[in-house]
Amino acid sequence: MQVFRENSDMFRLLAEGVSEGIIVVNNKQQIVATNSATDQMFGYAKEELVGQSLNILIPSKYHHAHGGHFKDFLAKSGKRKMAEGRELYGARKNGEEFPIEAGLNPFPLSGSTYIMALVMDVSSRKAIEEDLKLKSKALSSAINGIIITDAQQEDNPVVYVNSAFEELTGYAREEILNRNLRFLQGEDRNQKSIEELRNAVKNGESCEVEIRNYRKDGTLWWNKLSITPLKDSNNSVTHFIGIQNDITERIEAEEERNHWNKIFEESLNEIYVLDAKTLRFISANQGAQNNLGYSLQELQQLTPLDLKPEYNKASFKKLIAPLYSKDRGKVQFETIHLRKDGSTYPIEVHFQISSIGNKSVIISIILDITDRKNYTERLERTVEERTKQLRQALEKEKELNELKTRFLSLVSHEFKTPLSSILTSTTLLTKYTQEEQQPKRDKHISTIRNKVKYLDNILNDFLSIERLETGKVKYNLVEFPLSKIINQVIYDANLLLKTGQTINYPENIDDVMITFDEKIFELVLSNLIHNAIKYSPENTKIDIQVKETGYALQLKVIDQGIGIPKEEQKFIFNRYFRANNALLNQGTGIGLNIAKQHLENLGGNITFESEENKGSTFTIEIPIIVEEKVNT
Ligand code: ADP
């Protein structure tokens, strides 16, 4: 001690200049000298330390161990760092423990060994270390992927990667470290935000981008990446910290929303969202605006009632009531929409209740069904038309059936009498064998011819009807002298004349030529003359007059017969119609009907005037066809 004290001036001189604590102990661990830094570090006054055991500066829990170490140290001697590999603590006067680092330096002095300990208070360094440890732990346990790149190495390679990043990308740390992070983009390098990122790195700036990245297994994930440059004291960028966020779900949701938005906007159907309480429109797609001619702003002032003229407030409320019921049904109906310009179009409406946040809304989808309506209407019209045709065909069929039935009953009635008189006449004929009985034979032959003629007429009439009905009539227009047919018909009719009946030929017809269907003309004329004979009593005359009126040939058959009752005149041309006063005579009620039809088909007509018990005048008109003469 003495020796040391003698050297103390020298020691002080040397020791006071350093900032570390210097403690000199003898081989019994007694403190022999300290410098001021030591006193301050441990909180003692110098006098309090010198002469004390070194243990005063060591937390008591380490005293025992320290004793052992010290002996060891003396035995081995030599310079070294104290407590290599272990944490070392000092104890301040106030009892506080603090981390230290100490270097030991033994030296001999006057035959004794002393040890000089160089002590450093490392509390603040330790605190920094702790802080760093904490931060590093935070980095590595962060849920965001965090990487640090070294901006001063070529191609900015990754020098740190946390485990979240490994998890996020599926790559292991070793696969990521020392590489440029662009490998995360795979082949998908043509992204706008990559350009932005590249510029930020180049300029040493921070930036935030959303880019498409790919995991090790190739799946896409959306990376919201923010990079921040770290700068040194010279303001040059040393590192970049990159924080990666997996925003795939958000982007996918956004994409889906965009997709729905697009569908909403681009749909040609009208789509509306309306407030379920006020029924005011909240939103309407472009299709709705286009169809109606209203802008969204205008629509937002309206309710569906303004567009649906077929409903009033009460009836509309009633219609949509199911939407508000417990089981919230859908409502579907057809009505019309009123455009801004006042025009309307048919629509099919679908209403459904939904909600946006807390707000109850009605989603309305509306289809313009003009085309469908037109189609339906067309279809309905076609069906109607076809039904009409079918009905007509059925009617015709019925009529034909009726005709056949009538024909059969006619055959049985109308044919019976003439056939039996033919039979009688032929029977009688065989009896008149004498030569002088010739007049009697002639009478019977004439009866037979009459009756056959009559039957032939009836049959012709029926055939005519059948042809007219089935559209099989073919007219054959030829030019012939009028007198030819008139003579023939009158000649045949003579056989039918009753006693005293006469037929007066028309005058001045010798040169008259007509162009008409010969057979039809004969049929019409014989019908009229036979009727005149049939419906006139004996000793009456029948006049036939012919007149040309310029555009038509007029032919009248005038009789002095029973006439037609006034009230029945309007039915005379109906098929099968027979007037009351005619029923005693044989007849079918067909003749006039077919005469009229044929004449009209050929551009002519038939009319009559008649007075009961005085007589009738039937007039036919036949168009005069002037054949064009070509001048040569
Ligand atoms: P049908 O003579 O076979 O009965 P028509 O069609 O020729 O059939 O005539 C229809 C009806 O018109 C006759 O039943 C008759 O009542 C009336 N009728 C036709 N011609 C005359 C006439 N010249 N005088 C009086 N009645 C006539």
# chains A, B, ... in the order shown; residues from 1 in each chain; ligands from 1
$ closest_atom_pairs --of "chain A" --to "ligand 1" --cutoff "8 Å" --atoms "only C-alpha atoms and all ligand atoms" --output "CSV"
residue,atom,partner,partner_atom_place_in_ligand_line,distance
A:Asn527,CA,ligand 1,7 (O),6.1
A:Leu528,CA,ligand 1,20 (N),6.6
A:Ile529,CA,ligand 1,23 (N),7.7
A:Asn531,CA,ligand 1,20 (N),4.7
A:Ala532,CA,ligand 1,23 (N),4.0
A:Ile533,CA,ligand 1,23 (N),7.3
A:Lys534,CA,ligand 1,23 (N),7.4
A:Tyr535,CA,ligand 1,24 (N),4.8
A:Ser536,CA,ligand 1,24 (N),6.8
A:Ile558,CA,ligand 1,23 (N),7.8
A:Asp559,CA,ligand 1,23 (N),6.3
A:Gly561,CA,ligand 1,24 (N),5.7
A:Ile562,CA,ligand 1,25 (C),5.3
A:Gly563,CA,ligand 1,25 (C),4.1
A:Ile564,CA,ligand 1,26 (N),4.9
A:Ile572,CA,ligand 1,12 (O),5.2
A:Phe573,CA,ligand 1,6 (O),6.6
A:Asn574,CA,ligand 1,6 (O),7.9
A:Arg575,CA,ligand 1,6 (O),7.1
A:Tyr576,CA,ligand 1,6 (O),6.9
A:Phe577,CA,ligand 1,10 (C),5.8
A:Arg578,CA,ligand 1,14 (O),3.4
A:Ala579,CA,ligand 1,16 (O),3.6
A:Asn580,CA,ligand 1,16 (O),6.6
A:Asn581,CA,ligand 1,16 (O),6.5
A:Ala582,CA,ligand 1,16 (O),4.6
A:Leu583,CA,ligand 1,14 (O),6.9
A:Asn585,CA,ligand 1,4 (O),7.8
A:Gln586,CA,ligand 1,3 (O),6.8
A:Gly587,CA,ligand 1,3 (O),3.3
A:Thr588,CA,ligand 1,3 (O),3.7
A:Gly589,CA,ligand 1,8 (O),3.2
A:Ile590,CA,ligand 1,6 (O),4.3
A:Gly591,CA,ligand 1,6 (O),3.7
A:Leu592,CA,ligand 1,6 (O),3.7
A:Asn593,CA,ligand 1,6 (O),5.7
A:Ile594,CA,ligand 1,6 (O),7.9
A:Ser610,CA,ligand 1,24 (N),7.6
A:Glu612,CA,ligand 1,25 (C),7.9
A:Gly615,CA,ligand 1,24 (N),6.4
A:Ser616,CA,ligand 1,24 (N),5.4
A:Thr617,CA,ligand 1,23 (N),7.2
A:Phe618,CA,ligand 1,23 (N),7.4
$ residues_around --residues "segment 511-521 of chain A" --least-positions-apart "5" --cutoff "10 Å" --atoms "only C-alpha atoms" --output "PyMOL selection string"
chain A and resi 464+474-486+526-527+546+548+552-553+594-595+598-599+602+622-627
$ write_last_selection --atoms "N, CA and C atoms" --output "CSV table (one decimal), in the first residue's frame"
chain,number,residue,atom,x,y,z
A,464,SER,N,-122.8,-27.1,-110.3
A,464,SER,CA,-122.4,-25.7,-110.3
A,464,SER,C,-122.0,-25.3,-108.9
A,474,LYS,N,-114.1,-23.1,-113.9
A,474,LYS,CA,-113.2,-22.5,-114.9
A,474,LYS,C,-114.1,-21.9,-116.0
A,475,TYR,N,-114.0,-20.6,-116.2
A,475,TYR,CA,-114.9,-20.0,-117.2
A,475,TYR,C,-114.1,-19.9,-118.5
A,476,ASN,N,-114.9,-20.1,-119.5
A,476,ASN,CA,-114.3,-20.1,-120.9
A,476,ASN,C,-115.0,-19.0,-121.7
A,477,LEU,N,-114.4,-17.9,-121.8
A,477,LEU,CA,-115.0,-16.7,-122.5
A,477,LEU,C,-114.8,-16.9,-124.0
A,478,VAL,N,-115.9,-16.9,-124.7
A,478,VAL,CA,-115.9,-17.0,-126.2
A,478,VAL,C,-116.8,-16.0,-126.8
A,479,GLU,N,-116.7,-15.6,-128.0
A,479,GLU,CA,-117.6,-14.8,-128.7
A,479,GLU,C,-118.6,-15.6,-129.4
A,480,PHE,N,-119.9,-15.3,-129.2
A,480,PHE,CA,-120.9,-16.1,-129.9
A,480,PHE,C,-122.1,-15.2,-130.1
A,481,PRO,N,-122.9,-15.6,-131.1
A,481,PRO,CA,-124.2,-14.8,-131.4
A,481,PRO,C,-125.2,-15.1,-130.3
A,482,LEU,N,-125.7,-14.0,-129.7
A,482,LEU,CA,-126.7,-14.1,-128.7
A,482,LEU,C,-127.9,-14.9,-129.0
A,483,SER,N,-128.3,-14.8,-130.3
A,483,SER,CA,-129.5,-15.5,-130.7
A,483,SER,C,-129.3,-17.1,-130.6
A,484,LYS,N,-128.1,-17.5,-130.8
A,484,LYS,CA,-127.8,-18.9,-130.7
A,484,LYS,C,-128.3,-19.6,-129.4
A,485,ILE,N,-127.9,-19.0,-128.3
A,485,ILE,CA,-128.3,-19.6,-127.0
A,485,ILE,C,-129.8,-19.3,-126.7
A,486,ILE,N,-130.2,-18.1,-127.1
A,486,ILE,CA,-131.6,-17.8,-126.8
A,486,ILE,C,-132.5,-18.7,-127.5
A,526,SER,N,-131.8,-20.3,-119.0
A,526,SER,CA,-132.7,-21.4,-118.8
A,526,SER,C,-133.4,-21.4,-117.5
A,527,ASN,N,-132.5,-21.1,-116.4
A,527,ASN,CA,-133.1,-21.0,-115.1
A,527,ASN,C,-134.2,-20.0,-115.0
A,546,VAL,N,-134.2,-7.7,-125.0
A,546,VAL,CA,-132.7,-7.5,-125.0
A,546,VAL,C,-132.4,-6.0,-125.3
A,548,GLU,N,-129.0,-3.1,-125.4
A,548,GLU,CA,-127.6,-2.8,-125.1
A,548,GLU,C,-127.6,-1.4,-124.4
A,552,ALA,N,-123.1,-2.6,-121.2
A,552,ALA,CA,-123.6,-3.9,-120.8
A,552,ALA,C,-124.8,-4.3,-121.8
A,553,LEU,N,-124.9,-5.6,-121.8
A,553,LEU,CA,-126.1,-6.1,-122.5
A,553,LEU,C,-127.1,-6.5,-121.5
A,594,ILE,N,-127.1,-19.7,-107.8
A,594,ILE,CA,-125.9,-19.9,-108.6
A,594,ILE,C,-125.8,-19.0,-109.8
A,595,ALA,N,-127.0,-18.6,-110.4
A,595,ALA,CA,-127.0,-17.7,-111.5
A,595,ALA,C,-126.3,-16.4,-111.1
A,598,HIS,N,-122.4,-16.9,-110.6
A,598,HIS,CA,-121.7,-16.9,-111.9
A,598,HIS,C,-121.6,-15.6,-112.5
A,599,LEU,N,-122.8,-14.9,-112.5
A,599,LEU,CA,-122.8,-13.6,-113.2
A,599,LEU,C,-121.9,-12.6,-112.6
A,602,LEU,N,-118.4,-13.1,-113.4
A,602,LEU,CA,-118.0,-12.7,-114.7
A,602,LEU,C,-118.2,-11.2,-115.0
A,622,ILE,N,-124.9,-8.3,-118.7
A,622,ILE,CA,-123.6,-8.9,-119.1
A,622,ILE,C,-122.7,-7.9,-119.7
A,623,PRO,N,-121.5,-7.8,-119.1
A,623,PRO,CA,-120.6,-6.7,-119.6
A,623,PRO,C,-120.2,-6.9,-121.1
A,624,ILE,N,-120.2,-5.8,-121.8
A,624,ILE,CA,-119.8,-5.9,-123.2
A,624,ILE,C,-118.3,-5.8,-123.3
A,625,ILE,N,-117.7,-6.9,-123.7
A,625,ILE,CA,-116.2,-6.8,-123.8
A,625,ILE,C,-115.8,-6.4,-125.2
A,626,VAL,N,-115.2,-5.2,-125.3
A,626,VAL,CA,-114.8,-4.7,-126.6
A,626,VAL,C,-113.4,-5.2,-126.9
A,627,GLU,N,-113.3,-6.1,-127.8
A,627,GLU,CA,-111.9,-6.6,-128.1
A,627,GLU,C,-111.1,-5.5,-128.8
$ residues_around --residues "Leu428 of chain A" --least-positions-apart "4" --cutoff "9 Å" --atoms "only C-alpha atoms" --output "list in words"
Leu423, Thr424, Tyr432, Arg441 and His444 of chain A
$ write_last_selection --atoms "N, CA, C and O atoms" --output "PDB file, in the first residue's frame"
ATOM      1  N   LEU A 423    -141.085 -43.512-115.437  1.00  0.00           N
ATOM      2  CA  LEU A 423    -141.397 -44.945-115.361  1.00  0.00           C
ATOM      3  C   LEU A 423    -142.791 -45.234-115.938  1.00  0.00           C
ATOM      4  O   LEU A 423    -142.969 -46.140-116.776  1.00  0.00           O
ATOM      5  N   THR A 424    -143.756 -44.396-115.498  1.00  0.00           N
ATOM      6  CA  THR A 424    -145.128 -44.575-115.996  1.00  0.00           C
ATOM      7  C   THR A 424    -145.163 -44.447-117.510  1.00  0.00           C
ATOM      8  O   THR A 424    -145.723 -45.298-118.209  1.00  0.00           O
ATOM      9  N   TYR A 432    -148.689 -48.862-126.218  1.00  0.00           N
ATOM     10  CA  TYR A 432    -149.203 -48.272-127.456  1.00  0.00           C
ATOM     11  C   TYR A 432    -148.459 -48.856-128.640  1.00  0.00           C
ATOM     12  O   TYR A 432    -147.482 -48.301-129.099  1.00  0.00           O
ATOM     13  N   ARG A 441    -147.818 -42.037-128.117  1.00  0.00           N
ATOM     14  CA  ARG A 441    -146.393 -42.362-127.863  1.00  0.00           C
ATOM     15  C   ARG A 441    -145.583 -41.070-127.783  1.00  0.00           C
ATOM     16  O   ARG A 441    -144.771 -40.877-126.884  1.00  0.00           O
ATOM     17  N   HIS A 444    -145.903 -39.342-124.475  1.00  0.00           N
ATOM     18  CA  HIS A 444    -145.119 -39.957-123.394  1.00  0.00           C
ATOM     19  C   HIS A 444    -143.622 -39.724-123.568  1.00  0.00           C
ATOM     20  O   HIS A 444    -142.907 -39.463-122.590  1.00  0.00           O
TER      21      HIS A 444
END
$ residues_around --residues "Glu16 of chain A" --least-positions-apart "4" --cutoff "8 Å" --atoms "only C-alpha atoms" --output "PyMOL selection string"
chain A and resi 12+35-37
$ residues_around --residues "segment 45-59 of chain A" --least-positions-apart "3" --cutoff "12 Å" --atoms "only C-alpha atoms" --output "CSV table (one decimal) with N, CA, C and O atoms, in the first residue's frame"
chain,number,residue,atom,x,y,z
A,1,MET,N,0.8,-1.2,0.0
A,1,MET,CA,0.0,0.0,0.0
A,1,MET,C,0.9,1.2,0.0
A,1,MET,O,0.6,2.2,-0.7
A,2,GLN,N,1.8,1.1,0.9
A,2,GLN,CA,2.7,2.2,1.0
A,2,GLN,C,3.4,2.5,-0.3
A,2,GLN,O,3.4,3.7,-0.7
A,4,PHE,N,2.4,1.9,-3.2
A,4,PHE,CA,1.5,2.4,-4.2
A,4,PHE,C,1.2,3.9,-4.0
A,4,PHE,O,1.1,4.7,-4.9
A,5,ARG,N,1.1,4.1,-2.7
A,5,ARG,CA,0.8,5.5,-2.3
A,5,ARG,C,1.9,6.4,-2.8
A,5,ARG,O,1.7,7.5,-3.3
A,8,SER,N,1.3,7.3,-6.2
A,8,SER,CA,0.0,7.8,-6.5
A,8,SER,C,-0.1,9.0,-7.3
A,8,SER,O,-1.0,9.2,-8.1
A,12,ARG,N,-2.4,9.2,-10.5
A,12,ARG,CA,-3.5,10.2,-10.7
A,12,ARG,C,-3.3,11.0,-12.1
A,12,ARG,O,-4.2,11.1,-12.8
A,21,GLY,N,-13.3,4.0,-16.0
A,21,GLY,CA,-13.0,3.9,-14.6
A,21,GLY,C,-11.7,3.0,-14.4
A,21,GLY,O,-11.6,2.0,-15.1
A,22,ILE,N,-10.8,3.5,-13.6
A,22,ILE,CA,-9.6,2.7,-13.3
A,22,ILE,C,-9.6,2.3,-11.9
A,22,ILE,O,-9.7,3.2,-11.0
A,23,ILE,N,-9.5,1.0,-11.6
A,23,ILE,CA,-9.4,0.6,-10.2
A,23,ILE,C,-8.2,-0.3,-10.1
A,23,ILE,O,-8.0,-1.2,-10.9
A,24,VAL,N,-7.3,0.0,-9.1
A,24,VAL,CA,-6.2,-0.9,-8.8
A,24,VAL,C,-6.4,-1.6,-7.5
A,24,VAL,O,-6.8,-1.0,-6.5
A,25,VAL,N,-6.3,-2.9,-7.6
A,25,VAL,CA,-6.4,-3.7,-6.4
A,25,VAL,C,-5.2,-4.5,-6.1
A,25,VAL,O,-4.4,-4.8,-7.1
A,26,ASN,N,-4.9,-4.8,-4.9
A,26,ASN,CA,-3.8,-5.7,-4.6
A,26,ASN,C,-4.2,-7.2,-4.7
A,26,ASN,O,-5.4,-7.4,-5.0
A,27,ASN,N,-3.3,-8.0,-4.4
A,27,ASN,CA,-3.6,-9.4,-4.6
A,27,ASN,C,-4.6,-9.9,-3.5
A,27,ASN,O,-5.1,-11.1,-3.6
A,28,LYS,N,-5.0,-9.1,-2.6
A,28,LYS,CA,-6.0,-9.5,-1.6
A,28,LYS,C,-7.4,-8.8,-2.0
A,28,LYS,O,-8.3,-8.8,-1.2
A,29,GLN,N,-7.4,-8.3,-3.2
A,29,GLN,CA,-8.6,-7.7,-3.7
A,29,GLN,C,-9.0,-6.4,-3.0
A,29,GLN,O,-10.2,-6.0,-2.9
A,30,GLN,N,-8.0,-5.8,-2.4
A,30,GLN,CA,-8.3,-4.6,-1.7
A,30,GLN,C,-8.0,-3.4,-2.7
A,30,GLN,O,-7.0,-3.5,-3.4
A,31,ILE,N,-8.9,-2.5,-2.7
A,31,ILE,CA,-8.8,-1.4,-3.6
A,31,ILE,C,-7.6,-0.5,-3.1
A,31,ILE,O,-7.6,-0.1,-2.0
A,32,VAL,N,-6.7,-0.2,-4.0
A,32,VAL,CA,-5.6,0.6,-3.6
A,32,VAL,C,-5.7,2.0,-4.2
A,32,VAL,O,-5.2,3.0,-3.7
A,33,ALA,N,-6.3,2.1,-5.4
A,33,ALA,CA,-6.4,3.4,-6.0
A,33,ALA,C,-7.6,3.4,-7.0
A,33,ALA,O,-8.0,2.3,-7.5
A,34,THR,N,-8.3,4.5,-7.1
A,34,THR,CA,-9.3,4.6,-8.2
A,34,THR,C,-9.2,6.0,-8.8
A,34,THR,O,-8.6,6.9,-8.3
A,35,ASN,N,-9.7,6.1,-10.0
A,35,ASN,CA,-9.6,7.5,-10.6
A,35,ASN,C,-11.0,8.1,-10.4
A,35,ASN,O,-12.0,7.4,-10.0
A,36,SER,N,-11.2,9.3,-10.8
A,36,SER,CA,-12.4,10.0,-10.5
A,36,SER,C,-13.6,9.4,-11.3
A,36,SER,O,-14.7,9.4,-10.9
A,37,ALA,N,-13.2,8.9,-12.5
A,37,ALA,CA,-14.3,8.3,-13.3
A,37,ALA,C,-14.9,7.1,-12.6
A,37,ALA,O,-16.1,6.9,-12.6
A,38,THR,N,-14.1,6.4,-11.9
A,38,THR,CA,-14.6,5.2,-11.1
A,38,THR,C,-15.5,5.7,-10.0
A,38,THR,O,-16.6,5.2,-9.8
A,39,ASP,N,-15.0,6.8,-9.3
A,39,ASP,CA,-15.8,7.3,-8.2
A,39,ASP,C,-17.2,7.7,-8.6
A,39,ASP,O,-18.2,7.4,-8.0
A,40,GLN,N,-17.1,8.4,-9.7
A,40,GLN,CA,-18.4,8.9,-10.3
A,40,GLN,C,-19.3,7.8,-10.7
A,40,GLN,O,-20.5,7.7,-10.4
A,41,MET,N,-18.7,6.8,-11.4
A,41,MET,CA,-19.4,5.7,-11.9
A,41,MET,C,-20.1,4.9,-10.8
A,41,MET,O,-21.3,4.6,-10.9
A,42,PHE,N,-19.4,4.7,-9.7
A,42,PHE,CA,-20.0,3.9,-8.6
A,42,PHE,C,-20.6,4.7,-7.5
A,42,PHE,O,-21.3,4.2,-6.6
A,62,TYR,N,-22.8,-11.9,-6.6
A,62,TYR,CA,-21.7,-12.4,-7.4
A,62,TYR,C,-20.4,-12.6,-6.6
A,62,TYR,O,-19.4,-13.0,-7.1
A,63,HIS,N,-20.4,-12.2,-5.3
A,63,HIS,CA,-19.2,-12.2,-4.5
A,63,HIS,C,-18.5,-13.5,-4.5
A,63,HIS,O,-17.3,-13.6,-4.7
A,64,HIS,N,-19.3,-14.5,-4.2
A,64,HIS,CA,-18.7,-15.8,-4.1
A,64,HIS,C,-18.0,-16.3,-5.4
A,64,HIS,O,-16.8,-16.6,-5.4
A,65,ALA,N,-18.8,-16.2,-6.4
A,65,ALA,CA,-18.2,-16.6,-7.7
A,65,ALA,C,-17.0,-15.7,-8.1
A,65,ALA,O,-16.0,-16.2,-8.6
A,66,HIS,N,-17.1,-14.4,-7.7
A,66,HIS,CA,-16.0,-13.5,-8.1
A,66,HIS,C,-14.7,-13.9,-7.3
A,66,HIS,O,-13.6,-13.9,-8.0
A,67,GLY,N,-14.8,-14.3,-6.1
A,67,GLY,CA,-13.6,-14.8,-5.3
A,67,GLY,C,-12.9,-15.9,-6.1
A,67,GLY,O,-11.7,-15.8,-6.3
A,70,PHE,N,-11.2,-14.6,-9.3
A,70,PHE,CA,-10.0,-13.8,-9.0
A,70,PHE,C,-8.8,-14.6,-8.7
A,70,PHE,O,-7.7,-14.4,-9.3
A,88,LEU,N,-21.4,-8.8,-17.0
A,88,LEU,CA,-20.7,-8.4,-15.8
A,88,LEU,C,-21.5,-7.2,-15.3
A,88,LEU,O,-21.9,-6.3,-16.0
A,89,TYR,N,-21.7,-7.2,-14.0
A,89,TYR,CA,-22.4,-6.1,-13.3
A,89,TYR,C,-21.6,-5.4,-12.2
A,89,TYR,O,-20.9,-6.1,-11.5
A,90,GLY,N,-21.8,-4.1,-12.1
A,90,GLY,CA,-21.2,-3.4,-11.0
A,90,GLY,C,-22.3,-3.0,-10.0
A,90,GLY,O,-23.5,-3.1,-10.4
A,91,ALA,N,-21.9,-2.6,-8.8
A,91,ALA,CA,-22.9,-2.2,-7.8
A,91,ALA,C,-22.6,-0.8,-7.4
A,91,ALA,O,-21.5,-0.5,-7.0
A,92,ARG,N,-23.5,0.1,-7.6
A,92,ARG,CA,-23.3,1.5,-7.2
A,92,ARG,C,-23.6,1.6,-5.7
A,92,ARG,O,-24.2,0.7,-5.1
A,93,LYS,N,-23.1,2.7,-5.1
A,93,LYS,CA,-23.3,3.0,-3.7
A,93,LYS,C,-24.8,2.9,-3.3
A,93,LYS,O,-25.1,2.3,-2.2
A,94,ASN,N,-25.6,3.4,-4.2
A,94,ASN,CA,-27.1,3.4,-3.8
A,94,ASN,C,-27.7,2.0,-4.1
A,94,ASN,O,-28.9,1.9,-4.0
A,95,GLY,N,-26.9,1.0,-4.3
A,95,GLY,CA,-27.4,-0.4,-4.5
A,95,GLY,C,-27.8,-0.7,-5.9
A,95,GLY,O,-28.0,-1.9,-6.2
A,96,GLU,N,-27.8,0.2,-6.7
A,96,GLU,CA,-28.2,0.0,-8.1
A,96,GLU,C,-27.2,-0.9,-8.9
A,96,GLU,O,-26.0,-0.6,-8.7
A,97,GLU,N,-27.6,-1.9,-9.6
A,97,GLU,CA,-26.7,-2.7,-10.4
A,97,GLU,C,-26.6,-2.1,-11.8
A,97,GLU,O,-27.6,-1.6,-12.3
A,98,PHE,N,-25.5,-2.2,-12.4
A,98,PHE,CA,-25.4,-1.7,-13.8
A,98,PHE,C,-24.4,-2.5,-14.6
A,98,PHE,O,-23.4,-3.0,-14.0
A,99,PRO,N,-24.6,-2.7,-15.9
A,99,PRO,CA,-23.8,-3.5,-16.6
A,99,PRO,C,-22.4,-2.8,-16.9
A,99,PRO,O,-22.4,-1.6,-17.2
A,100,ILE,N,-21.4,-3.6,-16.8
A,100,ILE,CA,-20.1,-3.0,-17.0
A,100,ILE,C,-19.3,-4.0,-17.9
A,100,ILE,O,-19.6,-5.1,-18.1
A,115,ILE,N,-3.4,-5.5,-9.6
A,115,ILE,CA,-4.2,-5.6,-10.8
A,115,ILE,C,-4.9,-4.3,-11.1
A,115,ILE,O,-5.5,-3.7,-10.2
A,116,MET,N,-4.7,-3.9,-12.3
A,116,MET,CA,-5.5,-2.6,-12.7
A,116,MET,C,-6.7,-3.1,-13.5
A,116,MET,O,-6.5,-3.7,-14.6
A,117,ALA,N,-7.8,-2.7,-13.1
A,117,ALA,CA,-9.0,-3.0,-13.8
A,117,ALA,C,-9.5,-1.7,-14.6
A,117,ALA,O,-9.6,-0.7,-13.9
A,119,VAL,N,-12.6,-0.2,-16.1
A,119,VAL,CA,-14.1,-0.5,-16.1
A,119,VAL,C,-14.9,0.5,-16.9
A,119,VAL,O,-14.6,1.7,-16.9
$ closest_residue --among "A:Leu296, A:Leu13, A:Leu495, A:Ile490" --to "Arg449 of chain A" --atoms "only C-alpha atoms"
A:Leu495
$ closest_residue --among "A:Gln244, A:Thr502, A:Ser325, A:Gln332" --to "Glu208 of chain A" --atoms "only C-alpha atoms"
A:Gln244
$ residues_around --residues "Ile369 of chain A" --least-positions-apart "3" --cutoff "7 Å" --atoms "only C-alpha atoms" --output "list in words"
Pro346, Ile347, Glu348, Arg372 and Lys373 of chain A
$ decode --residues "segment 447-473 of chain A" --atoms "C-alpha atoms" --output "short mmCIF file (atom, residue, chain, number, x, y, z; two decimals), in the first residue's frame"
data_model
loop_
_atom_site.label_atom_id
_atom_site.label_comp_id
_atom_site.auth_asym_id
_atom_site.auth_seq_id
_atom_site.Cartn_x
_atom_site.Cartn_y
_atom_site.Cartn_z
CA THR A 447 -142.95 -36.31 -120.94
CA ILE A 448 -139.91 -38.49 -120.54
CA ARG A 449 -137.69 -35.91 -122.28
CA ASN A 450 -139.14 -33.18 -120.07
CA LYS A 451 -138.53 -35.00 -116.90
CA VAL A 452 -135.04 -36.02 -117.94
CA LYS A 453 -134.31 -32.41 -118.85
CA TYR A 454 -135.62 -31.31 -115.47
CA LEU A 455 -133.43 -33.83 -113.66
CA ASP A 456 -130.49 -32.79 -115.78
CA ASN A 457 -131.06 -29.16 -114.76
CA ILE A 458 -131.12 -30.04 -111.10
CA LEU A 459 -127.93 -32.02 -111.46
CA ASN A 460 -126.27 -29.17 -113.32
CA ASP A 461 -127.25 -26.78 -110.57
CA PHE A 462 -125.72 -29.07 -107.97
CA LEU A 463 -122.57 -29.49 -109.96
CA SER A 464 -122.39 -25.73 -110.28
CA ILE A 465 -122.63 -25.29 -106.53
CA GLU A 466 -119.98 -27.86 -105.94
CA ARG A 467 -117.65 -26.16 -108.41
CA LEU A 468 -118.33 -22.71 -107.02
CA GLU A 469 -117.71 -23.96 -103.48
CA THR A 470 -114.46 -25.70 -104.19
CA GLY A 471 -113.22 -22.92 -106.46
CA LYS A 472 -112.99 -25.31 -109.37
CA VAL A 473 -115.08 -23.24 -111.80
#
